[in-house]
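A.B. asks: Sharing data_39.cif here; it has mmCIF, C-alpha atoms (C1' of nucleotides).
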```cif
data_protein
#
loop_
_atom_site.group_PDB
_atom_site.id
_atom_site.type_symbol
_atom_site.label_atom_id
_atom_site.label_comp_id
_atom_site.auth_asym_id
_atom_site.auth_seq_id
_atom_site.Cartn_x
_atom_site.Cartn_y
_atom_site.Cartn_z
ATOM 1 C CA MET A 1 -88.266 9.614 -235.205
ATOM 2 C CA PRO A 2 -87.764 9.311 -231.502
ATOM 3 C CA GLU A 3 -89.085 11.867 -229.062
ATOM 4 C CA LEU A 4 -88.847 11.568 -225.290
ATOM 5 C CA PRO A 5 -91.161 8.528 -224.947
ATOM 6 C CA GLU A 6 -89.335 6.501 -227.598
ATOM 7 C CA VAL A 7 -85.919 7.345 -226.145
ATOM 8 C CA GLU A 8 -87.172 6.440 -222.672
ATOM 9 C CA VAL A 9 -88.583 3.118 -223.938
ATOM 10 C CA ILE A 10 -85.287 2.261 -225.617
ATOM 11 C CA THR A 11 -83.332 3.265 -222.503
ATOM 12 C CA ARG A 12 -85.464 1.066 -220.257
ATOM 13 C CA GLY A 13 -85.237 -1.792 -222.728
ATOM 14 C CA LEU A 14 -81.462 -1.590 -222.967
ATOM 15 C CA ARG A 15 -80.765 -1.255 -219.238
ATOM 16 C CA PRO A 16 -81.258 -4.916 -218.163
ATOM 17 C CA HIS A 17 -79.260 -6.132 -221.171
ATOM 18 C CA LEU A 18 -76.340 -3.780 -220.558
ATOM 19 C CA LYS A 19 -76.015 -3.233 -216.820
ATOM 20 C CA GLY A 20 -73.031 -5.132 -215.443
ATOM 21 C CA LYS A 21 -71.799 -6.228 -218.885
ATOM 22 C CA THR A 22 -68.265 -5.581 -220.106
ATOM 23 C CA ILE A 23 -67.582 -4.107 -223.525
ATOM 24 C CA ILE A 24 -65.108 -6.331 -225.338
ATOM 25 C CA SER A 25 -65.129 -4.865 -228.854
ATOM 26 C CA ILE A 26 -66.046 -1.724 -230.780
ATOM 27 C CA TRP A 27 -66.941 -1.529 -234.463
ATOM 28 C CA HIS A 28 -67.746 1.491 -236.622
ATOM 29 C CA SER A 29 -69.115 1.696 -240.177
ATOM 30 C CA GLY A 30 -66.672 4.490 -241.005
ATOM 31 C CA LYS A 31 -69.484 6.902 -241.862
ATOM 32 C CA HIS A 32 -70.027 10.156 -240.047
ATOM 33 C CA LEU A 33 -73.339 10.826 -238.363
ATOM 34 C CA ARG A 34 -74.536 14.416 -237.725
ATOM 35 C CA THR A 35 -71.100 14.875 -236.201
ATOM 36 C CA PRO A 36 -67.980 12.753 -236.756
ATOM 37 C CA VAL A 37 -67.897 9.534 -234.717
ATOM 38 C CA PRO A 38 -64.956 9.722 -232.243
ATOM 39 C CA TYR A 39 -64.059 6.170 -233.123
ATOM 40 C CA GLU A 40 -60.424 6.177 -231.940
ATOM 41 C CA ILE A 41 -61.463 7.588 -228.576
ATOM 42 C CA LEU A 42 -64.268 5.035 -228.244
ATOM 43 C CA ARG A 43 -61.878 2.206 -229.095
ATOM 44 C CA LYS A 44 -59.388 3.322 -226.479
ATOM 45 C CA LYS A 45 -61.817 4.276 -223.744
ATOM 46 C CA LEU A 46 -64.664 1.759 -224.026
ATOM 47 C CA ARG A 47 -62.891 -1.563 -224.519
ATOM 48 C CA GLY A 48 -62.697 -3.468 -221.241
ATOM 49 C CA GLU A 49 -65.091 -1.073 -219.508
ATOM 50 C CA LYS A 50 -67.990 -2.363 -217.467
ATOM 51 C CA ILE A 51 -71.411 -0.724 -217.903
ATOM 52 C CA ALA A 52 -72.789 0.766 -214.679
ATOM 53 C CA ASP A 53 -76.167 2.025 -215.889
ATOM 54 C CA VAL A 54 -78.217 3.303 -218.839
ATOM 55 C CA THR A 55 -80.206 6.507 -218.413
ATOM 56 C CA ARG A 56 -81.962 9.156 -220.494
ATOM 57 C CA ARG A 57 -81.453 12.945 -220.462
ATOM 58 C CA ALA A 58 -83.514 14.953 -222.967
ATOM 59 C CA LYS A 59 -83.484 12.820 -226.135
ATOM 60 C CA TYR A 60 -80.036 11.403 -225.341
ATOM 61 C CA ILE A 61 -79.260 7.892 -224.113
ATOM 62 C CA GLN A 62 -76.402 7.880 -221.617
ATOM 63 C CA ILE A 63 -74.420 4.704 -221.038
ATOM 64 C CA ALA A 64 -72.456 5.169 -217.817
ATOM 65 C CA LEU A 65 -69.244 3.216 -217.372
ATOM 66 C CA ASN A 66 -67.792 2.085 -214.057
ATOM 67 C CA SER A 67 -64.901 4.528 -214.545
ATOM 68 C CA GLY A 68 -67.392 7.414 -214.390
ATOM 69 C CA SER A 69 -67.164 8.228 -218.086
ATOM 70 C CA LEU A 70 -70.240 8.428 -220.318
ATOM 71 C CA PHE A 71 -70.984 7.116 -223.794
ATOM 72 C CA ILE A 72 -73.856 9.250 -225.095
ATOM 73 C CA VAL A 73 -76.068 8.617 -228.114
ATOM 74 C CA HIS A 74 -78.634 10.824 -229.854
ATOM 75 C CA LEU A 75 -80.926 9.018 -232.295
ATOM 76 C CA GLY A 76 -81.796 11.936 -234.580
ATOM 77 C CA MET A 77 -84.759 11.203 -236.846
ATOM 78 C CA THR A 78 -84.176 7.572 -237.764
ATOM 79 C CA GLY A 79 -81.750 6.240 -235.172
ATOM 80 C CA ASN A 80 -82.350 3.108 -233.131
ATOM 81 C CA MET A 81 -80.379 1.012 -230.688
ATOM 82 C CA GLY A 82 -80.995 -2.638 -229.953
ATOM 83 C CA ILE A 83 -79.488 -5.829 -228.590
ATOM 84 C CA PHE A 84 -78.648 -8.598 -231.046
ATOM 85 C CA PRO A 85 -76.811 -11.946 -230.954
ATOM 86 C CA GLY A 86 -73.178 -11.078 -231.614
ATOM 87 C CA SER A 87 -73.099 -13.702 -234.361
ATOM 88 C CA SER A 88 -76.045 -12.182 -236.261
ATOM 89 C CA ARG A 89 -75.420 -10.239 -239.433
ATOM 90 C CA LYS A 90 -75.185 -6.510 -239.288
ATOM 91 C CA THR A 91 -77.754 -4.757 -241.434
ATOM 92 C CA LYS A 92 -77.666 -1.779 -243.769
ATOM 93 C CA HIS A 93 -77.213 1.495 -241.860
ATOM 94 C CA ASP A 94 -75.707 -0.111 -238.753
ATOM 95 C CA HIS A 95 -73.026 2.393 -237.679
ATOM 96 C CA ILE A 96 -71.748 1.414 -234.239
ATOM 97 C CA GLU A 97 -71.540 -1.954 -232.524
ATOM 98 C CA LEU A 98 -70.384 -2.631 -228.981
ATOM 99 C CA GLY A 99 -69.620 -6.324 -228.460
ATOM 100 C CA LEU A 100 -70.454 -7.535 -224.942
ATOM 101 C CA ASP A 101 -68.963 -10.276 -222.761
ATOM 102 C CA ASP A 102 -72.215 -12.281 -222.865
ATOM 103 C CA GLY A 103 -71.936 -12.801 -226.621
ATOM 104 C CA LYS A 104 -74.520 -10.172 -227.450
ATOM 105 C CA ALA A 105 -74.020 -6.878 -229.251
ATOM 106 C CA LEU A 106 -75.430 -3.394 -228.880
ATOM 107 C CA ARG A 107 -76.011 -1.857 -232.310
ATOM 108 C CA LEU A 108 -76.837 1.674 -233.408
ATOM 109 C CA ASN A 109 -78.670 1.794 -236.730
ATOM 110 C CA ASP A 110 -79.455 5.140 -238.358
ATOM 111 C CA VAL A 111 -80.704 5.469 -241.934
ATOM 112 C CA ARG A 112 -80.479 9.245 -242.277
ATOM 113 C CA ARG A 113 -77.448 9.687 -239.983
ATOM 114 C CA PHE A 114 -78.911 12.668 -238.141
ATOM 115 C CA GLY A 115 -77.970 10.996 -234.856
ATOM 116 C CA SER A 116 -74.732 11.577 -232.961
ATOM 117 C CA VAL A 117 -72.462 9.826 -230.494
ATOM 118 C CA HIS A 118 -70.319 11.442 -227.813
ATOM 119 C CA PHE A 119 -67.800 10.381 -225.209
ATOM 120 C CA LEU A 120 -67.367 12.264 -221.947
ATOM 121 C CA SER A 121 -64.453 11.459 -219.655
ATOM 122 C CA ALA A 122 -65.221 11.010 -215.965
ATOM 123 C CA SER A 123 -64.174 14.582 -215.201
ATOM 124 C CA ASP A 124 -66.175 16.020 -218.126
ATOM 125 C CA ALA A 125 -69.194 13.938 -217.123
ATOM 126 C CA GLN A 126 -68.955 15.162 -213.562
ATOM 127 C CA GLN A 127 -69.184 18.794 -214.573
ATOM 128 C CA LYS A 128 -72.896 19.286 -214.298
ATOM 129 C CA GLU A 129 -73.078 21.541 -217.323
ATOM 130 C CA SER A 130 -71.208 19.438 -219.800
ATOM 131 C CA THR A 131 -71.166 20.927 -223.269
ATOM 132 C CA ILE A 132 -73.966 18.699 -224.499
ATOM 133 C CA PHE A 133 -76.559 19.774 -221.940
ATOM 134 C CA LYS A 134 -75.337 23.295 -221.224
ATOM 135 C CA THR A 135 -78.260 25.007 -222.934
ATOM 136 C CA ALA A 136 -80.891 22.304 -222.360
ATOM 137 C CA GLY A 137 -84.149 23.246 -220.666
ATOM 138 C CA PRO A 138 -85.806 21.263 -217.887
ATOM 139 C CA GLU A 139 -87.209 17.768 -218.238
ATOM 140 C CA PRO A 140 -91.015 17.813 -218.669
ATOM 141 C CA PHE A 141 -91.453 15.877 -215.417
ATOM 142 C CA ASP A 142 -89.241 18.213 -213.368
ATOM 143 C CA ASP A 143 -90.888 20.522 -210.855
ATOM 144 C CA SER A 144 -89.018 23.426 -212.448
ATOM 145 C CA PHE A 145 -91.146 22.923 -215.587
ATOM 146 C CA SER A 146 -93.997 25.006 -214.204
ATOM 147 C CA ALA A 147 -96.645 27.456 -215.422
ATOM 148 C CA ASP A 148 -94.698 30.302 -213.813
ATOM 149 C CA TYR A 149 -91.538 29.209 -215.605
ATOM 150 C CA LEU A 150 -93.232 29.048 -219.024
ATOM 151 C CA TYR A 151 -95.095 32.311 -218.531
ATOM 152 C CA LYS A 152 -91.877 34.046 -217.597
ATOM 153 C CA THR A 153 -89.786 32.410 -220.319
ATOM 154 C CA ALA A 154 -92.393 33.351 -222.944
ATOM 155 C CA SER A 155 -92.583 36.964 -221.837
ATOM 156 C CA ASN A 156 -89.967 38.491 -224.128
ATOM 157 C CA ARG A 157 -90.625 36.326 -227.149
ATOM 158 C CA ASN A 158 -93.457 35.933 -229.629
ATOM 159 C CA ILE A 159 -93.395 32.668 -231.533
ATOM 160 C CA THR A 160 -96.234 30.133 -231.794
ATOM 161 C CA VAL A 161 -96.912 27.917 -228.793
ATOM 162 C CA LYS A 162 -96.085 24.801 -230.798
ATOM 163 C CA GLN A 163 -92.656 26.089 -231.799
ATOM 164 C CA PHE A 164 -92.076 27.220 -228.228
ATOM 165 C CA ILE A 165 -92.681 23.830 -226.595
ATOM 166 C CA MET A 166 -90.553 22.152 -229.279
ATOM 167 C CA THR A 167 -87.567 24.376 -228.393
ATOM 168 C CA SER A 168 -85.081 22.308 -226.380
ATOM 169 C CA GLN A 169 -83.793 25.378 -224.539
ATOM 170 C CA VAL A 170 -87.329 25.843 -223.166
ATOM 171 C CA VAL A 171 -88.144 22.211 -222.380
ATOM 172 C CA VAL A 172 -86.553 19.013 -223.669
ATOM 173 C CA GLY A 173 -88.078 15.931 -225.206
ATOM 174 C CA ILE A 174 -91.144 17.271 -227.026
ATOM 175 C CA GLY A 175 -91.002 16.759 -230.772
ATOM 176 C CA ASN A 176 -93.459 17.132 -233.616
ATOM 177 C CA ILE A 177 -95.868 14.348 -232.673
ATOM 178 C CA TYR A 178 -96.236 15.021 -228.967
ATOM 179 C CA ALA A 179 -96.425 18.790 -229.474
ATOM 180 C CA SER A 180 -99.549 18.401 -231.633
ATOM 181 C CA GLU A 181 -101.040 15.744 -229.346
ATOM 182 C CA SER A 182 -100.436 17.722 -226.132
ATOM 183 C CA LEU A 183 -101.893 20.917 -227.600
ATOM 184 C CA PHE A 184 -105.026 19.093 -228.738
ATOM 185 C CA ARG A 185 -105.587 17.674 -225.273
ATOM 186 C CA ALA A 186 -104.981 21.094 -223.712
ATOM 187 C CA ARG A 187 -107.468 22.591 -226.248
ATOM 188 C CA ILE A 188 -104.903 25.183 -227.348
ATOM 189 C CA ARG A 189 -104.414 25.922 -231.039
ATOM 190 C CA PRO A 190 -100.782 25.326 -232.119
ATOM 191 C CA THR A 191 -100.694 28.638 -234.036
ATOM 192 C CA ARG A 192 -101.422 30.706 -230.895
ATOM 193 C CA LYS A 193 -98.666 33.233 -230.168
ATOM 194 C CA ILE A 194 -97.166 32.639 -226.754
ATOM 195 C CA ASN A 195 -97.826 36.168 -225.491
ATOM 196 C CA SER A 196 -101.574 35.416 -225.651
ATOM 197 C CA LEU A 197 -101.424 32.440 -223.276
ATOM 198 C CA THR A 198 -102.662 32.790 -219.713
ATOM 199 C CA LYS A 199 -101.108 31.062 -216.715
ATOM 200 C CA LYS A 200 -104.090 28.727 -216.778
ATOM 201 C CA ASN A 201 -103.280 27.865 -220.413
ATOM 202 C CA TRP A 202 -99.673 27.086 -219.488
ATOM 203 C CA SER A 203 -100.780 25.009 -216.537
ATOM 204 C CA ASP A 204 -103.231 22.982 -218.691
ATOM 205 C CA LEU A 205 -100.536 22.506 -221.300
ATOM 206 C CA ILE A 206 -98.014 21.208 -218.770
ATOM 207 C CA ASP A 207 -100.579 18.764 -217.349
ATOM 208 C CA ASN A 208 -101.381 17.437 -220.799
ATOM 209 C CA ILE A 209 -97.754 17.233 -221.941
ATOM 210 C CA ARG A 210 -97.036 15.071 -218.889
ATOM 211 C CA LYS A 211 -100.133 12.915 -219.424
ATOM 212 C CA VAL A 212 -99.387 12.320 -223.081
ATOM 213 C CA LEU A 213 -95.692 11.551 -222.549
ATOM 214 C CA LYS A 214 -96.451 9.206 -219.657
ATOM 215 C CA HIS A 215 -99.180 7.391 -221.586
ATOM 216 C CA ALA A 216 -96.918 7.084 -224.628
ATOM 217 C CA ILE A 217 -94.122 5.577 -222.517
ATOM 218 C CA GLU A 218 -96.601 3.058 -221.088
ATOM 219 C CA CYS A 219 -97.631 2.169 -224.659
ATOM 220 C CA GLY A 220 -94.022 1.512 -225.628
ATOM 221 C CA GLY A 221 -93.742 4.700 -227.703
ATOM 222 C CA SER A 222 -95.189 5.420 -231.148
ATOM 223 C CA THR A 223 -94.298 3.320 -234.179
ATOM 224 C CA ILE A 224 -95.092 5.197 -237.392
ATOM 225 C CA SER A 225 -92.972 3.388 -239.897
ATOM 226 C CA ASP A 226 -89.952 1.990 -238.192
ATOM 227 C CA PHE A 227 -89.611 2.657 -234.468
ATOM 228 C CA LEU A 228 -88.695 -0.475 -232.481
ATOM 229 C CA ASN A 229 -87.626 -0.848 -228.863
ATOM 230 C CA ALA A 230 -84.383 -2.469 -227.728
ATOM 231 C CA ASN A 231 -85.949 -5.903 -228.265
ATOM 232 C CA GLN A 232 -87.198 -5.007 -231.764
ATOM 233 C CA GLU A 233 -90.838 -4.687 -230.708
ATOM 234 C CA SER A 234 -93.222 -1.968 -231.974
ATOM 235 C CA GLY A 235 -94.818 0.682 -229.807
ATOM 236 C CA TYR A 236 -98.538 1.275 -230.033
ATOM 237 C CA PHE A 237 -99.201 4.832 -228.838
ATOM 238 C CA GLN A 238 -99.957 5.716 -232.482
ATOM 239 C CA MET A 239 -103.324 4.040 -231.801
ATOM 240 C CA ASN A 240 -103.970 6.905 -229.403
ATOM 241 C CA PHE A 241 -103.142 9.758 -231.770
ATOM 242 C CA LYS A 242 -106.012 12.252 -231.769
ATOM 243 C CA VAL A 243 -104.694 14.643 -234.422
ATOM 244 C CA TYR A 244 -101.187 13.747 -235.656
ATOM 245 C CA GLY A 245 -101.433 12.642 -239.293
ATOM 246 C CA LYS A 246 -105.236 12.787 -239.146
ATOM 247 C CA ASN A 247 -105.905 15.798 -241.360
ATOM 248 C CA GLY A 248 -109.190 15.330 -243.244
ATOM 249 C CA GLU A 249 -110.534 12.957 -240.585
ATOM 250 C CA LYS A 250 -113.222 13.780 -238.048
ATOM 251 C CA CYS A 251 -112.211 15.034 -234.620
ATOM 252 C CA SER A 252 -112.880 12.333 -232.018
ATOM 253 C CA CYS A 253 -114.321 14.986 -229.741
ATOM 254 C CA CYS A 254 -116.598 17.145 -231.936
ATOM 255 C CA SER A 255 -116.552 15.585 -235.436
ATOM 256 C CA SER A 256 -115.138 18.704 -237.085
ATOM 257 C CA ILE A 257 -112.532 18.013 -239.762
ATOM 258 C CA ILE A 258 -108.949 18.002 -238.451
ATOM 259 C CA LYS A 259 -106.702 20.491 -240.184
ATOM 260 C CA LYS A 260 -103.052 20.415 -241.173
ATOM 261 C CA GLU A 261 -100.961 23.560 -241.247
ATOM 262 C CA VAL A 262 -97.213 24.017 -241.573
ATOM 263 C CA ILE A 263 -95.771 25.915 -238.604
ATOM 264 C CA GLY A 264 -92.074 26.728 -238.608
ATOM 265 C CA GLY A 265 -91.562 24.238 -241.385
ATOM 266 C CA ARG A 266 -93.177 21.335 -239.510
ATOM 267 C CA ALA A 267 -96.545 19.734 -240.231
ATOM 268 C CA SER A 268 -98.997 20.510 -237.445
ATOM 269 C CA PHE A 269 -102.433 19.050 -236.834
ATOM 270 C CA PHE A 270 -105.349 20.454 -234.867
ATOM 271 C CA CYS A 271 -109.114 20.762 -234.512
ATOM 272 C CA SER A 272 -110.127 24.382 -235.122
ATOM 273 C CA ASN A 273 -113.335 23.831 -233.159
ATOM 274 C CA CYS A 274 -111.848 22.212 -230.022
ATOM 275 C CA GLN A 275 -108.612 24.213 -229.976
ATOM 276 C CA LYS A 276 -108.787 27.968 -229.472
ATOM 277 C "C1'" DC B 1 -81.169 39.528 -229.025
ATOM 278 C "C1'" DA B 2 -85.207 36.789 -231.454
ATOM 279 C "C1'" DA B 3 -87.032 34.650 -235.442
ATOM 280 C "C1'" DG B 4 -86.717 32.729 -239.927
ATOM 281 C "C1'" DT B 5 -84.109 29.741 -243.233
ATOM 282 C "C1'" DT B 6 -80.971 26.171 -244.623
ATOM 283 C "C1'" DA B 7 -78.355 22.176 -244.242
ATOM 284 C "C1'" DC B 8 -77.313 17.647 -242.941
ATOM 285 C "C1'" DC B 9 -78.981 12.319 -245.086
ATOM 286 C "C1'" DT B 10 -81.745 8.227 -247.049
ATOM 287 C "C1'" DG B 11 -85.877 6.222 -248.598
ATOM 288 C "C1'" DA B 12 -90.854 5.976 -249.577
ATOM 289 C "C1'" DC B 13 -94.451 7.590 -252.276
ATOM 290 C "C1'" DG B 14 -97.238 9.945 -255.861
ATOM 291 C "C1'" DG B 15 -97.491 12.119 -260.389
ATOM 292 C "C1'" DC B 16 -96.143 12.043 -265.039
ATOM 293 C "C1'" DT C 1 -90.096 1.183 -265.566
ATOM 294 C "C1'" DG C 2 -87.939 5.473 -264.187
ATOM 295 C "C1'" DC C 3 -87.330 10.251 -263.124
ATOM 296 C "C1'" DC C 4 -88.648 14.103 -260.192
ATOM 297 C "C1'" DG C 5 -90.475 16.563 -256.430
ATOM 298 C "C1'" DT C 6 -92.080 16.201 -251.717
ATOM 299 C "C1'" DC C 7 -92.071 14.588 -247.258
ATOM 300 C "C1'" DA C 8 -90.392 12.265 -242.793
ATOM 301 C "C1'" DG C 9 -90.161 11.360 -235.441
ATOM 302 C "C1'" DG C 10 -84.248 16.437 -235.010
ATOM 303 C "C1'" DT C 11 -81.262 20.160 -234.308
ATOM 304 C "C1'" DA C 12 -77.528 23.409 -235.038
ATOM 305 C "C1'" DA C 13 -75.565 26.867 -237.859
ATOM 306 C "C1'" DC C 14 -76.535 30.291 -240.591
ATOM 307 C "C1'" DT C 15 -78.949 34.886 -242.069
ATOM 308 C "C1'" DT C 16 -82.164 38.610 -241.393
#
```
Is it possible to express this structure as structure tokens?

C.D. replies:
Amino acid sequence: MPELPEVEVITRGLRPHLKGKTIISIWHSGKHLRTPVPYEILRKKLRGEKIADVTRRAKYIQIALNSGSLFIVHLGMTGNMGIFPGSSRKTKHDHIELGLDDGKALRLNDVRRFGSVHFLSASDAQQKESTIFKTAGPEPFDDSFSADYLYKTASNRNITVKQFIMTSQVVVGIGNIYASESLFRARIRPTRKINSLTKKNWSDLIDNIRKVLKHAIECGGSTISDFLNANQESGYFQMNFKVYGKNGEKCSCCSSIIKKEVIGGRASFFCSNCQK
DNA sequence: CAAGTTACCTGACGGC
DNA sequence: TGCCGTCAGGTAACTT
């Protein structure tokens, strides 16, 4: 479900609700997510802590506590976090709840349980390369995410360009939707092998990845079936999809029929006329 | 090493 | 109505 724009939208939505609040209770459904929930640690370490800030790194939401420790959440495919009245009923697939001193509650809901939650002590969090982000590539908006970097990183490999930009060790945050959308805008076919891309191709791709992600954040993310922000509102970037899920429809640019092809096990969409 | 495959989960949908 | 296969925004652990 959530790629970088959706995680960023949730992070921004949560921040004003959480910053400065104290966690007074912790609840857990008892079910494991992708990894076991460190419930006993959370209970010990989070209760009574004040929230300093909420930030995003890759597709992770980081809740920083005043003590310097970090509560980190990954939303997987179907995860979502939102703010609810503490008195409201929990719903099916709620897995974690942090009760706050203003009577509200932060809840993590995740139907498929592909998400994960992590706790880093202040000293672990301070180590720049904590285990979680040790192998993570640059953020798409970082200067280090450059045409030179991609050209060089691609040099001793030969997968398709779509698989390459979806690899978190190469660059973080780009998932199945925004990979297809960025490649369409850069006029590069997703099946192209990376050793065939020129520096100009990489440069165009970077520009369009940034444009698409930025636009999607401004639109509040993409809501396909169930994405909601921290205030339970839909995003509307799906209105701006040019190719994702549009196989059989006419290309908005040239009227050719948009194709669907499975690449690396993931549905991929492109215009074979516009994208070479 | 890189690249390809499988596994983790629930639910929606289409075909029979 | 229900049973079955397929698919879904992610990613790590396998195997080849």

A.B. asks: Quick one: which residues end up in the PyMOL selection byres ((chain C) within 12 of (chain A)) for this structure, as a ChimeraX atom specification?

C.D. replies: /C:7-12

A.B. asks: What separation in Å, quoted to one decimal, exists between CA of Tyr151 in chain A and CA of Glu181 in chain A?

C.D. replies: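 The value is 20.7 Å.
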
A.B. asks: Please enumerate the residues selected by the PyMOL selection byres ((chain B) within 9 of (chain A)) when evaluated against the supplied file, formatted as a ChimeraX atom specification.

C.D. replies: /B:2-4,8-11

A.B. asks: In Å to one decimal, how far is CA of Gln127 in chain A from CA of Ser144 in chain A?

C.D. replies: 20.5 Å

A.B. asks: Mind running range 232-270 of chain A against range 202-212 of chain A at 12 Å and telling me each contacting residue's nearest atom pair with the distance in Å (one decimal), counting only C-alpha atoms, chain and number ascending, as a Markdown table?

C.D. replies:
```
| residue | atom | partner | partner_atom | distance |
| --- | --- | --- | --- | --- |
| A:Phe237 | CA | A:Val212 | CA | 9.4 |
| A:Gln238 | CA | A:Val212 | CA | 11.5 |
| A:Asn240 | CA | A:Val212 | CA | 9.5 |
| A:Phe241 | CA | A:Val212 | CA | 9.8 |
| A:Lys242 | CA | A:Val212 | CA | 10.9 |
```

A.B. asks: Suppose a student applies the PyMOL selection byres ((chain A and resi 262) around 12) to this structure; what residues should they get, written as a ChimeraX atom specification?

C.D. replies: /A:160,162-163,176,180,190-191,247,259-261,263-270

A.B. asks: Can you tell me, as a list in words, what residues are no more than 6 Å from Lys104 in chain A when counting all atoms listed in the file, ignoring any on the same chain fewer than 5 positions away?

C.D. replies: Phe84, Pro85 and Gly86 of chain A

A.B. asks: One decimal, in Å: what's the spacing between CA of Ile63 in chain A and C1' of DA13 in chain C?

C.D. replies: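 Between CA of Ile63 in chain A and C1' of DA13 in chain C the gap works out to 27.8 Å.
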
A.B. asks: Using all atoms listed in the file, which of A:Ile217, A:Glu40, A:Lys199, A:Asp53 sits nearest Ala147 in chain A?

C.D. replies: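 Checking each candidate against Ala147 in chain A, we get A:Lys199 as the closest.
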
A.B. asks: Determine the nearest neighbour of Arg15 in chain A from the options A:Val161, A:Glu249, A:Arg56, A:Asp124, counting all atoms listed in the file.

C.D. replies: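 That would be A:Arg56, the residue with the smallest distance to Arg15 in chain A.
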
A.B. asks: Edge lengths and centre in Å to one decimal, as AutoDock Vina command-line options, is what I'm after for the box along x, y and z that holds all listed atoms of range 156-166 of chain A once 8 Å is added on each side.

C.D. replies:
```
--center_x -93.4 --center_y 30.3 --center_z -228.0 --size_x 22.9 --size_y 32.3 --size_z 23.7
```

A.B. asks: Could you name the residues that touch Ile26 in chain A at 6 Å or less, counting all atoms listed in the file, but leaving out those on the same chain fewer than 4 positions away, as an MDAnalysis selection string?

C.D. replies: chainID A and resid 43 97:98

A.B. asks: Any chance you could export the current selection's C-alpha atoms as a PDB file, in the frame of the given file?

C.D. replies:
```pdb
ATOM      1  CA  ARG A  43     -61.878   2.206-229.095  1.00  0.00           C
ATOM      2  CA  GLU A  97     -71.540  -1.954-232.524  1.00  0.00           C
ATOM      3  CA  LEU A  98     -70.384  -2.631-228.981  1.00  0.00           C
TER       4      LEU A  98
END
```

A.B. asks: Since the input is missing atoms, can you rebuild N, CA, C and O atoms for range 76-87 of chain A and write them as a PDB file, keeping the file's coordinate frame?

C.D. replies:
```
ATOM      1  N   GLY A  76     -81.380  11.142-233.421  1.00  0.00           N
ATOM      2  CA  GLY A  76     -81.796  11.936-234.580  1.00  0.00           C
ATOM      3  C   GLY A  76     -83.210  11.584-235.007  1.00  0.00           C
ATOM      4  O   GLY A  76     -84.082  11.398-234.172  1.00  0.00           O
ATOM      5  N   MET A  77     -83.419  11.497-236.318  1.00  0.00           N
ATOM      6  CA  MET A  77     -84.759  11.203-236.846  1.00  0.00           C
ATOM      7  C   MET A  77     -84.995   9.707-237.005  1.00  0.00           C
ATOM      8  O   MET A  77     -86.113   9.229-236.843  1.00  0.00           O
ATOM      9  N   THR A  78     -83.967   8.972-237.387  1.00  0.00           N
ATOM     10  CA  THR A  78     -84.176   7.572-237.764  1.00  0.00           C
ATOM     11  C   THR A  78     -83.284   6.608-236.989  1.00  0.00           C
ATOM     12  O   THR A  78     -83.172   5.444-237.350  1.00  0.00           O
ATOM     13  N   GLY A  79     -82.660   7.099-235.915  1.00  0.00           N
ATOM     14  CA  GLY A  79     -81.750   6.240-235.172  1.00  0.00           C
ATOM     15  C   GLY A  79     -82.481   5.222-234.312  1.00  0.00           C
ATOM     16  O   GLY A  79     -83.613   5.436-233.899  1.00  0.00           O
ATOM     17  N   ASN A  80     -81.805   4.101-234.043  1.00  0.00           N
ATOM     18  CA  ASN A  80     -82.350   3.108-233.131  1.00  0.00           C
ATOM     19  C   ASN A  80     -81.204   2.306-232.545  1.00  0.00           C
ATOM     20  O   ASN A  80     -80.185   2.110-233.199  1.00  0.00           O
ATOM     21  N   MET A  81     -81.377   1.882-231.300  1.00  0.00           N
ATOM     22  CA  MET A  81     -80.379   1.012-230.688  1.00  0.00           C
ATOM     23  C   MET A  81     -81.075  -0.244-230.198  1.00  0.00           C
ATOM     24  O   MET A  81     -82.172  -0.190-229.654  1.00  0.00           O
ATOM     25  N   GLY A  82     -80.408  -1.379-230.390  1.00  0.00           N
ATOM     26  CA  GLY A  82     -80.995  -2.638-229.953  1.00  0.00           C
ATOM     27  C   GLY A  82     -79.917  -3.643-229.610  1.00  0.00           C
ATOM     28  O   GLY A  82     -78.727  -3.430-229.881  1.00  0.00           O
ATOM     29  N   ILE A  83     -80.372  -4.742-228.992  1.00  0.00           N
ATOM     30  CA  ILE A  83     -79.488  -5.829-228.590  1.00  0.00           C
ATOM     31  C   ILE A  83     -79.687  -6.994-229.550  1.00  0.00           C
ATOM     32  O   ILE A  83     -80.822  -7.389-229.821  1.00  0.00           O
ATOM     33  N   PHE A  84     -78.573  -7.519-230.054  1.00  0.00           N
ATOM     34  CA  PHE A  84     -78.648  -8.598-231.046  1.00  0.00           C
ATOM     35  C   PHE A  84     -77.637  -9.689-230.673  1.00  0.00           C
ATOM     36  O   PHE A  84     -76.653  -9.400-229.991  1.00  0.00           O
ATOM     37  N   PRO A  85     -77.855 -10.937-231.147  1.00  0.00           N
ATOM     38  CA  PRO A  85     -76.811 -11.946-230.954  1.00  0.00           C
ATOM     39  C   PRO A  85     -75.558 -11.467-231.678  1.00  0.00           C
ATOM     40  O   PRO A  85     -75.654 -10.995-232.813  1.00  0.00           O
ATOM     41  N   GLY A  86     -74.413 -11.577-231.009  1.00  0.00           N
ATOM     42  CA  GLY A  86     -73.178 -11.078-231.614  1.00  0.00           C
ATOM     43  C   GLY A  86     -72.879 -11.724-232.948  1.00  0.00           C
ATOM     44  O   GLY A  86     -72.240 -11.133-233.820  1.00  0.00           O
ATOM     45  N   SER A  87     -73.391 -12.956-233.137  1.00  0.00           N
ATOM     46  CA  SER A  87     -73.099 -13.702-234.361  1.00  0.00           C
ATOM     47  C   SER A  87     -74.020 -13.303-235.508  1.00  0.00           C
ATOM     48  O   SER A  87     -73.783 -13.667-236.654  1.00  0.00           O
TER      49      SER A  87
END
```
